[in-house]
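S.K.: Got a file for you: data12.cif, mmCIF, C-alpha atoms.
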data_data
#
loop_
_atom_site.label_atom_id
_atom_site.label_comp_id
_atom_site.auth_asym_id
_atom_site.auth_seq_id
_atom_site.Cartn_x
_atom_site.Cartn_y
_atom_site.Cartn_z
CA MET A 827 -26.67 173.34 45.78
CA THR A 828 -26.96 171.59 49.11
CA ALA A 829 -29.67 171.55 51.75
CA THR A 830 -27.22 173.15 54.17
CA GLU A 831 -27.41 176.45 52.34
CA THR A 832 -29.08 179.03 54.48
CA ALA A 833 -31.78 181.43 53.42
CA SER A 834 -29.09 184.07 52.84
CA ARG A 835 -27.24 181.93 50.31
CA ARG A 836 -29.17 179.91 47.76
CA ASN A 837 -28.06 178.58 44.36
CA GLY A 838 -24.70 180.19 45.12
CA VAL A 839 -26.41 183.58 45.26
CA ASP A 840 -25.82 185.70 48.36
CA THR A 841 -29.43 186.76 48.64
CA ALA A 842 -28.81 188.99 51.67
CA THR A 843 -26.32 191.00 49.63
CA LEU A 844 -28.63 190.85 46.61
CA PHE A 845 -31.48 192.42 48.57
CA ALA A 846 -29.13 194.91 50.23
CA THR A 847 -27.91 195.93 46.78
CA LEU A 848 -31.48 196.48 45.63
CA ASP A 849 -32.13 198.65 48.70
CA ALA A 850 -28.95 200.65 48.05
CA VAL A 851 -30.01 201.33 44.46
CA LYS A 852 -33.52 202.32 45.57
CA ALA A 853 -31.99 204.85 47.97
CA GLN A 854 -29.50 206.17 45.41
CA PRO A 855 -30.75 205.40 41.87
CA GLU A 856 -27.80 207.11 40.15
CA ILE A 857 -25.49 204.23 41.16
CA ALA A 858 -27.42 202.05 38.69
CA ARG A 859 -25.78 203.82 35.74
CA PHE A 860 -23.18 201.47 34.26
CA GLN A 861 -20.91 201.55 31.26
CA PHE A 862 -19.54 198.24 30.03
CA ARG A 863 -16.68 198.01 27.54
CA ALA A 864 -14.85 195.62 25.27
CA THR A 865 -11.74 196.22 23.22
CA ASN A 866 -10.60 194.25 20.20
CA ARG A 867 -7.37 193.80 18.29
CA TRP A 868 -7.12 192.32 14.82
CA ILE A 869 -4.63 189.45 14.58
CA SER A 870 -4.77 188.09 11.03
CA GLY A 871 -7.53 187.45 8.53
CA THR A 872 -10.82 186.97 10.34
CA HIS A 873 -8.99 186.17 13.58
CA ASN A 874 -9.14 188.83 16.27
CA ARG A 875 -9.01 189.00 20.06
CA GLY A 876 -11.35 190.77 22.43
CA THR A 877 -10.33 191.97 25.86
CA ILE A 878 -12.77 192.80 28.65
CA ASN A 879 -11.83 194.34 31.96
CA SER A 880 -12.83 197.74 33.30
CA PHE A 881 -16.32 199.11 33.60
CA TYR A 882 -17.99 202.06 35.22
CA GLY A 883 -20.72 201.34 37.75
CA ALA A 884 -21.93 201.93 41.29
CA GLY A 885 -20.54 205.44 41.01
CA GLN A 886 -16.94 204.53 40.20
CA GLU A 887 -14.50 202.89 37.82
CA ASN A 888 -14.11 199.15 38.45
CA THR A 889 -11.12 197.10 37.35
CA ARG A 890 -10.75 193.33 37.50
CA PRO A 891 -7.50 191.74 38.68
CA ALA A 892 -6.89 190.32 35.20
CA ASP A 893 -8.21 190.79 31.69
CA PHE A 894 -10.69 188.38 30.16
CA THR A 895 -9.68 187.62 26.56
CA PHE A 896 -11.71 185.91 23.86
CA ASP A 897 -10.70 185.01 20.35
CA ALA A 898 -13.05 185.15 17.39
CA ASP A 899 -12.49 183.79 13.91
CA HIS A 900 -14.32 182.19 11.01
CA PRO A 901 -14.24 178.43 10.42
CA PRO A 902 -12.43 177.05 7.35
CA VAL A 903 -15.70 176.75 5.42
CA LEU A 904 -15.92 180.55 5.77
CA VAL A 905 -12.26 181.04 4.83
CA GLY A 906 -11.04 181.45 8.41
CA GLY A 907 -8.62 179.66 10.71
CA ASP A 908 -11.11 178.50 13.37
CA ASN A 909 -9.11 180.13 16.16
CA GLY A 910 -12.34 180.94 17.99
CA PRO A 911 -16.08 180.95 17.46
CA THR A 912 -17.57 183.28 14.92
CA PRO A 913 -18.74 186.61 16.33
CA ALA A 914 -22.32 185.52 15.60
CA GLU A 915 -21.81 182.52 17.90
CA HIS A 916 -20.39 184.75 20.64
CA LEU A 917 -23.68 186.66 20.40
CA LEU A 918 -25.70 183.48 21.02
CA HIS A 919 -23.50 182.70 24.03
CA ALA A 920 -24.19 186.17 25.45
CA LEU A 921 -27.93 185.54 25.22
CA ALA A 922 -27.84 182.14 26.95
CA ALA A 923 -25.52 183.47 29.66
CA CYS A 924 -27.73 186.48 30.40
CA LEU A 925 -30.90 184.43 30.71
CA THR A 926 -29.10 181.90 32.93
CA SER A 927 -27.51 184.44 35.29
CA GLY A 928 -30.85 186.13 35.74
CA LEU A 929 -32.66 182.86 36.29
CA ALA A 930 -30.34 181.88 39.15
CA ASN A 931 -30.84 185.24 40.86
CA ILE A 932 -34.60 185.07 40.47
CA ALA A 933 -34.75 181.50 41.77
CA ALA A 934 -32.72 182.52 44.82
CA ALA A 935 -34.96 185.51 45.47
CA ARG A 936 -38.02 183.25 45.23
CA GLY A 937 -36.54 180.60 47.52
CA ILE A 938 -36.27 177.93 44.85
CA ASP A 939 -33.24 175.65 44.94
CA LEU A 940 -31.94 174.87 41.47
CA GLU A 941 -30.44 171.50 40.64
CA GLU A 942 -29.48 171.92 36.99
CA VAL A 943 -29.98 174.56 34.33
CA THR A 944 -28.86 173.99 30.76
CA SER A 945 -29.82 175.71 27.56
CA THR A 946 -29.23 175.61 23.84
CA VAL A 947 -29.47 178.59 21.52
CA GLU A 948 -29.83 178.18 17.77
CA GLY A 949 -29.67 181.01 15.27
CA ASP A 950 -30.68 180.70 11.62
CA ILE A 951 -28.75 182.91 9.24
CA ASN A 952 -28.66 183.07 5.46
CA LEU A 953 -25.18 184.21 4.45
CA LEU A 954 -26.45 185.58 1.14
CA GLY A 955 -26.97 188.73 3.21
CA ILE A 956 -23.46 189.33 4.56
CA LEU A 957 -21.92 188.06 1.32
CA GLY A 958 -23.79 190.81 -0.52
CA LEU A 959 -25.40 188.34 -2.90
CA ASP A 960 -29.08 189.06 -2.20
CA PRO A 961 -30.33 192.49 -1.12
CA GLU A 962 -33.57 190.89 0.12
CA VAL A 963 -31.70 188.85 2.75
CA ARG A 964 -30.78 190.54 6.02
CA ASN A 965 -27.23 190.33 7.37
CA GLY A 966 -28.17 189.03 10.80
CA TYR A 967 -30.06 186.07 12.19
CA GLU A 968 -33.53 185.55 10.80
CA ALA A 969 -34.66 183.80 13.99
CA ILE A 970 -33.16 182.65 17.27
CA ARG A 971 -34.55 179.81 19.41
CA VAL A 972 -33.62 179.14 23.03
CA THR A 973 -34.44 175.86 24.75
CA PHE A 974 -34.01 175.64 28.53
CA HIS A 975 -33.91 172.57 30.73
CA VAL A 976 -34.48 173.52 34.35
CA LYS A 977 -34.46 171.16 37.33
CA GLY A 978 -35.15 172.37 40.84
CA ASP A 979 -37.25 171.90 43.96
CA ALA A 980 -40.43 173.46 42.63
CA GLU A 981 -43.25 172.37 40.38
CA ALA A 982 -42.93 172.74 36.64
CA GLU A 983 -44.98 175.92 36.40
CA ARG A 984 -42.81 177.70 38.97
CA LEU A 985 -39.63 176.59 37.20
CA LYS A 986 -40.98 177.77 33.86
CA ALA A 987 -41.92 181.08 35.46
CA LEU A 988 -38.23 181.57 36.38
CA VAL A 989 -37.30 181.55 32.71
CA GLU A 990 -40.16 183.89 31.89
CA GLN A 991 -39.12 186.40 34.56
CA SER A 992 -35.49 186.14 33.47
CA ARG A 993 -36.56 186.98 29.91
CA ASN A 994 -38.52 189.94 31.29
CA ARG A 995 -35.38 191.29 32.97
CA SER A 996 -32.62 190.29 30.56
CA ALA A 997 -30.36 193.00 29.17
CA VAL A 998 -29.10 190.87 26.28
CA TYR A 999 -32.58 189.56 25.38
CA ASP A 1000 -33.81 193.14 25.23
CA VAL A 1001 -30.93 194.25 23.00
CA ILE A 1002 -31.25 191.27 20.65
CA THR A 1003 -35.04 191.48 20.30
CA HIS A 1004 -35.46 195.26 20.24
CA GLY A 1005 -32.18 196.69 18.98
CA VAL A 1006 -30.03 199.54 20.24
CA PRO A 1007 -28.58 202.59 18.47
CA VAL A 1008 -24.91 201.93 17.64
CA SER A 1009 -22.58 204.72 16.56
CA ILE A 1010 -19.24 203.97 14.90
CA ASP A 1011 -16.30 206.37 14.69
CA VAL A 1012 -13.03 205.74 12.89
CA ALA A 1013 -9.58 207.22 13.43
CA THR A 1014 -6.83 206.46 10.93
CA ALA A 1015 -3.93 208.43 12.40
CA MET B 971 1.26 191.53 7.11
CA THR B 972 4.40 191.52 5.04
CA ALA B 973 5.16 192.81 1.59
CA THR B 974 5.89 189.23 0.53
CA GLU B 975 2.23 188.33 0.67
CA THR B 976 0.92 187.61 -2.75
CA ALA B 977 -2.27 188.88 -4.28
CA SER B 978 -3.95 185.61 -3.29
CA ARG B 979 -3.15 186.08 0.39
CA ARG B 980 -3.51 189.51 1.96
CA ASN B 981 -4.02 190.48 5.62
CA GLY B 982 -3.96 186.75 6.34
CA VAL B 983 -7.00 186.32 4.14
CA ASP B 984 -6.81 183.72 1.39
CA THR B 985 -8.49 185.94 -1.18
CA ALA B 986 -8.43 183.27 -3.91
CA THR B 987 -10.44 180.97 -1.64
CA LEU B 988 -12.63 183.89 -0.56
CA PHE B 989 -13.58 184.68 -4.16
CA ALA B 990 -13.97 180.97 -4.98
CA THR B 991 -16.35 180.67 -2.02
CA LEU B 992 -18.39 183.59 -3.30
CA ASP B 993 -18.58 181.95 -6.73
CA ALA B 994 -19.64 178.64 -5.17
CA VAL B 995 -22.44 180.35 -3.25
CA LYS B 996 -23.58 182.24 -6.35
CA ALA B 997 -23.84 178.92 -8.18
CA GLN B 998 -25.60 177.13 -5.32
CA PRO B 999 -27.29 179.72 -3.06
CA GLU B 1000 -28.77 177.11 -0.71
CA ILE B 1001 -25.31 176.41 0.78
CA ALA B 1002 -25.48 179.89 2.34
CA ARG B 1003 -28.05 178.70 4.90
CA PHE B 1004 -26.28 178.35 8.25
CA GLN B 1005 -27.38 177.54 11.77
CA PHE B 1006 -25.05 178.57 14.58
CA ARG B 1007 -25.46 177.27 18.14
CA ALA B 1008 -24.32 177.83 21.68
CA THR B 1009 -25.07 175.77 24.74
CA ASN B 1010 -24.85 176.89 28.34
CA ARG B 1011 -24.65 175.22 31.73
CA TRP B 1012 -25.32 176.96 35.01
CA ILE B 1013 -22.50 176.55 37.55
CA SER B 1014 -23.42 178.58 40.64
CA GLY B 1015 -25.04 181.92 41.26
CA THR B 1016 -24.59 184.15 38.24
CA HIS B 1017 -21.66 182.01 37.03
CA ASN B 1018 -22.33 179.84 33.99
CA ARG B 1019 -20.34 178.37 31.11
CA GLY B 1020 -21.08 178.53 27.42
CA THR B 1021 -19.86 175.92 24.95
CA ILE B 1022 -19.66 176.47 21.20
CA ASN B 1023 -18.79 173.83 18.66
CA SER B 1024 -21.02 172.41 15.93
CA PHE B 1025 -22.90 174.38 13.33
CA TYR B 1026 -24.80 173.64 10.15
CA GLY B 1027 -23.59 175.29 6.99
CA ALA B 1028 -22.45 174.74 3.41
CA GLY B 1029 -24.99 171.95 3.20
CA GLN B 1030 -23.73 169.84 6.10
CA GLU B 1031 -23.07 169.57 9.80
CA ASN B 1032 -19.67 170.96 10.81
CA THR B 1033 -17.83 170.02 14.00
CA ARG B 1034 -14.67 171.61 15.36
CA PRO B 1035 -11.85 169.45 16.77
CA ALA B 1036 -12.48 170.87 20.26
CA ASP B 1037 -15.15 172.88 22.07
CA PHE B 1038 -14.76 176.58 22.69
CA THR B 1039 -15.87 177.40 26.25
CA PHE B 1040 -16.56 180.80 27.76
CA ASP B 1041 -17.51 181.66 31.32
CA ALA B 1042 -19.88 184.43 32.24
CA ASP B 1043 -20.56 185.89 35.66
CA HIS B 1044 -21.40 189.12 37.42
CA PRO B 1045 -18.74 191.19 39.19
CA PRO B 1046 -18.83 191.50 42.99
CA VAL B 1047 -20.55 194.90 42.78
CA LEU B 1048 -23.43 193.02 41.10
CA VAL B 1049 -23.31 190.19 43.66
CA GLY B 1050 -21.33 187.80 41.44
CA GLY B 1051 -17.99 186.04 41.64
CA ASP B 1052 -16.31 187.69 38.63
CA ASN B 1053 -15.51 184.32 37.04
CA GLY B 1054 -16.03 185.84 33.60
CA PRO B 1055 -17.36 188.96 31.95
CA THR B 1056 -21.01 189.81 32.28
CA PRO B 1057 -23.19 188.55 29.43
CA ALA B 1058 -23.72 192.17 28.39
CA GLU B 1059 -19.94 192.52 27.95
CA HIS B 1060 -19.80 189.33 25.86
CA LEU B 1061 -22.34 191.03 23.59
CA LEU B 1062 -20.04 194.04 23.09
CA HIS B 1063 -17.18 191.68 22.26
CA ALA B 1064 -19.32 189.97 19.62
CA LEU B 1065 -19.98 193.32 17.97
CA ALA B 1066 -16.32 194.41 17.84
CA ALA B 1067 -15.25 190.98 16.60
CA CYS B 1068 -17.82 190.92 13.80
CA LEU B 1069 -16.91 194.36 12.52
CA THR B 1070 -13.20 193.49 12.67
CA SER B 1071 -13.47 190.13 10.88
CA GLY B 1072 -15.48 191.75 8.13
CA LEU B 1073 -13.09 194.66 7.83
CA ALA B 1074 -10.10 192.36 7.25
CA ASN B 1075 -11.95 190.44 4.52
CA ILE B 1076 -13.07 193.64 2.81
CA ALA B 1077 -9.58 195.14 2.95
CA ALA B 1078 -8.15 191.98 1.39
CA ALA B 1079 -10.78 192.00 -1.36
CA ARG B 1080 -9.95 195.65 -2.08
CA GLY B 1081 -6.20 195.06 -2.12
CA ILE B 1082 -5.49 197.14 0.98
CA ASP B 1083 -2.79 195.87 3.35
CA LEU B 1084 -3.74 196.44 6.98
CA GLU B 1085 -1.12 197.26 9.57
CA GLU B 1086 -3.20 197.51 12.75
CA VAL B 1087 -6.89 197.47 13.62
CA THR B 1088 -8.10 198.08 17.14
CA SER B 1089 -11.47 199.04 18.48
CA THR B 1090 -13.27 199.90 21.68
CA VAL B 1091 -16.96 199.35 22.31
CA GLU B 1092 -18.79 201.13 25.10
CA GLY B 1093 -22.35 200.40 26.14
CA ASP B 1094 -24.40 202.60 28.49
CA ILE B 1095 -26.90 200.75 30.61
CA ASN B 1096 -29.09 201.87 33.48
CA LEU B 1097 -29.59 198.89 35.78
CA LEU B 1098 -32.83 200.32 37.14
CA GLY B 1099 -34.34 198.40 34.20
CA ILE B 1100 -33.08 194.88 34.90
CA LEU B 1101 -33.45 195.41 38.64
CA GLY B 1102 -37.14 196.10 38.10
CA LEU B 1103 -36.93 199.46 39.87
CA ASP B 1104 -38.16 201.76 37.08
CA PRO B 1105 -40.59 200.61 34.39
CA GLU B 1106 -39.55 203.57 32.21
CA VAL B 1107 -35.98 202.25 31.92
CA ARG B 1108 -35.27 199.53 29.37
CA ASN B 1109 -33.38 196.39 30.35
CA GLY B 1110 -30.73 196.64 27.66
CA TYR B 1111 -28.16 199.16 26.57
CA GLU B 1112 -29.45 202.65 25.90
CA ALA B 1113 -26.63 203.34 23.44
CA ILE B 1114 -23.51 201.63 22.13
CA ARG B 1115 -20.48 203.44 20.72
CA VAL B 1116 -17.71 201.84 18.69
CA THR B 1117 -14.39 203.56 18.03
CA PHE B 1118 -12.04 202.05 15.47
CA HIS B 1119 -8.37 202.80 14.88
CA VAL B 1120 -7.29 201.53 11.48
CA LYS B 1121 -3.78 201.72 10.02
CA GLY B 1122 -2.99 200.45 6.55
CA ASP B 1123 -1.49 201.28 3.18
CA ALA B 1124 -4.34 203.45 1.94
CA GLU B 1125 -5.49 207.01 2.45
CA ALA B 1126 -7.75 207.83 5.36
CA GLU B 1127 -10.96 207.89 3.34
CA ARG B 1128 -10.36 204.40 1.96
CA LEU B 1129 -9.56 203.07 5.43
CA LYS B 1130 -12.72 204.67 6.84
CA ALA B 1131 -14.70 203.14 3.98
CA LEU B 1132 -13.57 199.69 5.13
CA VAL B 1133 -15.31 200.21 8.45
CA GLU B 1134 -18.39 201.55 6.71
CA GLN B 1135 -18.62 198.54 4.40
CA SER B 1136 -18.02 196.19 7.32
CA ARG B 1137 -20.93 197.80 9.15
CA ASN B 1138 -23.04 197.37 6.01
CA ARG B 1139 -22.32 193.62 6.01
CA SER B 1140 -22.09 192.78 9.70
CA ALA B 1141 -24.38 190.09 11.07
CA VAL B 1142 -23.93 191.16 14.69
CA TYR B 1143 -24.34 194.87 13.93
CA ASP B 1144 -27.60 194.07 12.14
CA VAL B 1145 -28.90 191.99 15.06
CA ILE B 1146 -27.92 194.57 17.68
CA THR B 1147 -29.33 197.56 15.81
CA HIS B 1148 -32.46 195.98 14.32
CA GLY B 1149 -33.38 193.10 16.60
CA VAL B 1150 -34.34 189.51 15.86
CA PRO B 1151 -37.33 187.41 16.97
CA VAL B 1152 -36.27 185.14 19.83
CA SER B 1153 -38.43 182.23 21.00
CA ILE B 1154 -37.83 180.54 24.34
CA ASP B 1155 -39.03 177.06 25.32
CA VAL B 1156 -38.61 175.42 28.70
CA ALA B 1157 -38.54 171.76 29.67
CA THR B 1158 -38.54 170.82 33.34
CA ALA B 1159 -38.52 167.03 33.12
#
Here is the file; what I need is its structure written in the form of C-alpha cells.

M.R.:
Amino acid sequence: MTATETASRRNGVDTATLFATLDAVKAQPEIARFQFRATNRWISGTHNRGTINSFYGAGQENTRPADFTFDADHPPVLVGGDNGPTPAEHLLHALAACLTSGLANIAAARGIDLEEVTSTVEGDINLLGILGLDPEVRNGYEAIRVTFHVKGDAEAERLKALVEQSRNRSAVYDVITHGVPVSIDVATA
Amino acid sequence: MTATETASRRNGVDTATLFATLDAVKAQPEIARFQFRATNRWISGTHNRGTINSFYGAGQENTRPADFTFDADHPPVLVGGDNGPTPAEHLLHALAACLTSGLANIAAARGIDLEEVTSTVEGDINLLGILGLDPEVRNGYEAIRVTFHVKGDAEAERLKALVEQSRNRSAVYDVITHGVPVSIDVATA
C-alpha cells in the first residue's frame, strides 16, 4: 500500500465503510445473521467440482455476478487424477485465508500499514484412519501449524498482535479448533 | 459411468489400484503418514490468494506439475471486493468435496455404479461473533447442514449407506465436527 492512502482507506480496506458497517450492525444486530453455502457435483472418481455463489446476509439474499468454481481430487498416489487439491488441502487454504483477511482488516482499523503478509499451513494426517486400517487413528488432521510472515510499519510486537487478534476473531479457526455440529441428509429419488 | 467399465474401473475409480494401495499400506503402515500444505499471500484488503502444490506422503515429497491457486475475499456487504469466496465458504466446499470423493471410492469398492451425486452445504453464522459485538456469540458456524442427492444402480438404502460410510471416513468431516489443535507462529523479520 502507498503513503498516499488516506485514513479512510488503508491496506486496501475502506475503513470508513468498515466502521460504518460495525455501527449499522450495532444498531440492528439481526443483520449479522448470515448463511453461507457451497454446492458440489461429482465428476468421476475422486474428482468433483464445488460451486459457490449465493448467500444470505444483511437481511437479504445476495448473489454474485458469476459463480466461483473449485475442483477437488486426489493425487495419483491416492488413486486420483490430480484435477485439484485434496479436500483436506482446501481446508488448510480456508484457514490461511480467514486469518489473513482478518489480519488486514484489523491492521487497517489500528492504523498499521501492511507491506507483505504470507503464511504457510501444514497439516499432519495419518491415512490409516480414513483407510479404515487402524481404529485408534482419527480420520482428520492430528495437528495443524500455521506460520505467518508479516511486514508492516509497526514494531514486531504490534505486528504479532495483529495475528493474535485475527486468531481471536477468525470464523474458520474457531470451526477447525472447536468443531461444529454437522447434519447430513440424503435423497436418492 | 458406462456399462462397459470393468470390475477394475468403476465410477472412474481404478479399484484394482485402490485395493493394491490398501494392501501396500497394510504391509508398510508408515507410508500412510502424510503432510498437506497450503500457502497464502495477502493481496489487498480482505483479498488474498492461496497456493497448493507439494505434500509429503507415501514416504516421499510429492510435487504437482503446476500450482493450484485459489482467491479468497469478502463480498461488498462485508467491505470486500468479492474477488473470491469468503474463507468460510471455502471451508464448506472442502466438506462437500471430501464427502463426495469418499463416496465415489466407497461405491466403487462396493460395486455400485453411480449416476449422479450432488450436494449442498449450508452454514449458519452470526457475525456478531467475529465483529466482536457479542461475547456470547461464537466466531464460527453455529450449525452446518449437508444435503446429498445420490443416484446409482442400487436401492435407496444402499445409496444412503454410501453417504454414511463416507461420513465415517471423512478427514474434513472429522476436523469440522471434532476440531484439531492449531498452532500459530509469527515472524516479522

S.K.: Report, in Å to a single decimal, how far apart atom CA of A:Phe894 and atom CA of B:His1063 are.

M.R.: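 Taking atom CA of B:His1063 and atom CA of A:Phe894, their separation equals 10.7 Å.
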
S.K.: Suppose you want the space between atom CA of A:Val972 and atom CA of A:Gly906; what is it in Å?

M.R.: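 So the two atoms, atom CA of A:Val972 and atom CA of A:Gly906, lie 27.0 Å apart.
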
S.K.: Please evaluate the PyMOL selection byres ((chain A and resi 882) around 12) against the structure above and give the resulting residues as a VMD selection string.

M.R.: (chain A and resid 857 to 863 879 to 881 883 to 890) or (chain B and resid 1045 1047 1092 to 1096)

S.K.: Go through B:Asn1109, B:Gln1135, B:Ser978, B:Thr985 and flag the residue nearest chain A, using all atoms listed in the file for the distances.

M.R.: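 Once distances to chain A are computed over all atoms listed in the file, the minimum belongs to B:Asn1109.
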
S.K.: Which value, in Å to one decimal, gives the distance between atom CA of B:Val1091 and atom CA of B:Leu1103?

M.R.: 26.6 Å

S.K.: Tell me, as a list in words, which residues lie within 9 Å of B:Ile1154, counting only C-alpha atoms; anything in the same chain fewer than 5 positions away does not count.

M.R.: Ile970, Arg971, Val972, Thr973, Phe974, Val989, Glu990 and Arg993 of chain A

S.K.: Give the answer as one residue: which of B:Leu1048, B:Pro1035, B:Ser1089, B:Asp1123 has the shortest atom-to-atom distance to B:Leu1069, using all atoms listed in the file?

M.R.: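 Among the listed residues, the smallest separation from B:Leu1069 belongs to B:Ser1089.
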
S.K.: Compare B:Ile1082, B:Leu1132, B:Val983, B:Leu1101 by their minimum atom-to-atom distance to A:Ser870, counting only C-alpha atoms, and give me the closest one.

M.R.: B:Val983

S.K.: Of the residues B:Gly982, B:Lys1130, B:Thr1016, B:Ile1076, which is the one nearest to A:Gly958, using only C-alpha atoms?

M.R.: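 Checking each of B:Gly982, B:Lys1130, B:Thr1016, B:Ile1076 against A:Gly958, counting only C-alpha atoms, the winner is B:Ile1076.
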
S.K.: Carefully work through the PyMOL selection byres ((chain B and resi 1060) around 10) for this structure and note down the residues it includes, as a PyMOL selection string.

M.R.: (chain A and resi 862-864+876-878+896+913+916-921+923-924+998) or (chain B and resi 1040-1042+1054-1059+1061-1065)

S.K.: Excluding A:Arg964 and residues on its chain fewer than 5 positions from it, collect all residues at most 10 Å away from it, counting only C-alpha atoms, and give them as a list in words.

M.R.: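 With the cut-off at 10 Å, the set is Ile951, Asn952, Leu953, Leu954, Gly955, Ile956 and Gly958 of chain A; Arg1139, Ser1140, Ala1141, Asp1144 and Val1145 of chain B.
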
S.K.: Hey, which of B:Asn1138, B:Thr991, B:Ser1071, B:Asn1053 ends up closest to chain A? Count all atoms listed in the file.

M.R.: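 Ranked by minimum distance to chain A, first place goes to B:Ser1071.
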
S.K.: At the level of C-alpha atoms, write stretch 953-992 of chain A to a file as a JSON list (two decimals), in the first residue's frame, please.

M.R.:
[["chain", "number", "residue", "atom", "x", "y", "z"],
["A", 953, "LEU", "CA", -4.23, -42.06, 6.47],
["A", 954, "LEU", "CA", -4.58, -45.28, 8.45],
["A", 955, "GLY", "CA", -7.67, -43.52, 9.82],
["A", 956, "ILE", "CA", -9.58, -42.78, 6.62],
["A", 957, "LEU", "CA", -8.41, -46.05, 5.07],
["A", 958, "GLY", "CA", -10.07, -47.88, 7.94],
["A", 959, "LEU", "CA", -6.87, -49.71, 8.83],
["A", 960, "ASP", "CA", -6.44, -48.57, 12.44],
["A", 961, "PRO", "CA", -9.39, -47.71, 14.69],
["A", 962, "GLU", "CA", -7.03, -45.84, 17.03],
["A", 963, "VAL", "CA", -6.14, -43.30, 14.33],
["A", 964, "ARG", "CA", -8.53, -40.41, 13.72],
["A", 965, "ASN", "CA", -9.71, -39.57, 10.21],
["A", 966, "GLY", "CA", -8.72, -35.92, 10.29],
["A", 967, "TYR", "CA", -5.55, -33.95, 10.89],
["A", 968, "GLU", "CA", -3.71, -34.75, 14.09],
["A", 969, "ALA", "CA", -2.20, -31.26, 14.22],
["A", 970, "ILE", "CA", -2.13, -28.12, 12.10],
["A", 971, "ARG", "CA", 0.64, -25.50, 12.20],
["A", 972, "VAL", "CA", 0.40, -22.00, 10.75],
["A", 973, "THR", "CA", 3.46, -19.82, 10.20],
["A", 974, "PHE", "CA", 2.94, -16.15, 9.35],
["A", 975, "HIS", "CA", 5.42, -13.66, 7.98],
["A", 976, "VAL", "CA", 4.17, -10.12, 8.48],
["A", 977, "LYS", "CA", 5.90, -6.93, 7.35],
["A", 978, "GLY", "CA", 4.46, -3.51, 8.06],
["A", 979, "ASP", "CA", 5.11, -0.09, 9.54],
["A", 980, "ALA", "CA", 4.90, -1.11, 13.18],
["A", 981, "GLU", "CA", 7.20, -2.78, 15.66],
["A", 982, "ALA", "CA", 7.32, -6.55, 15.86],
["A", 983, "GLU", "CA", 5.07, -6.84, 18.90],
["A", 984, "ARG", "CA", 2.30, -4.83, 17.24],
["A", 985, "LEU", "CA", 2.56, -6.91, 14.06],
["A", 986, "LYS", "CA", 2.42, -10.13, 16.07],
["A", 987, "ALA", "CA", -0.60, -8.78, 17.92],
["A", 988, "LEU", "CA", -2.41, -8.47, 14.56],
["A", 989, "VAL", "CA", -2.13, -12.22, 14.05],
["A", 990, "GLU", "CA", -3.25, -12.87, 17.61],
["A", 991, "GLN", "CA", -6.33, -10.68, 17.24],
["A", 992, "SER", "CA", -7.12, -12.25, 13.88]]
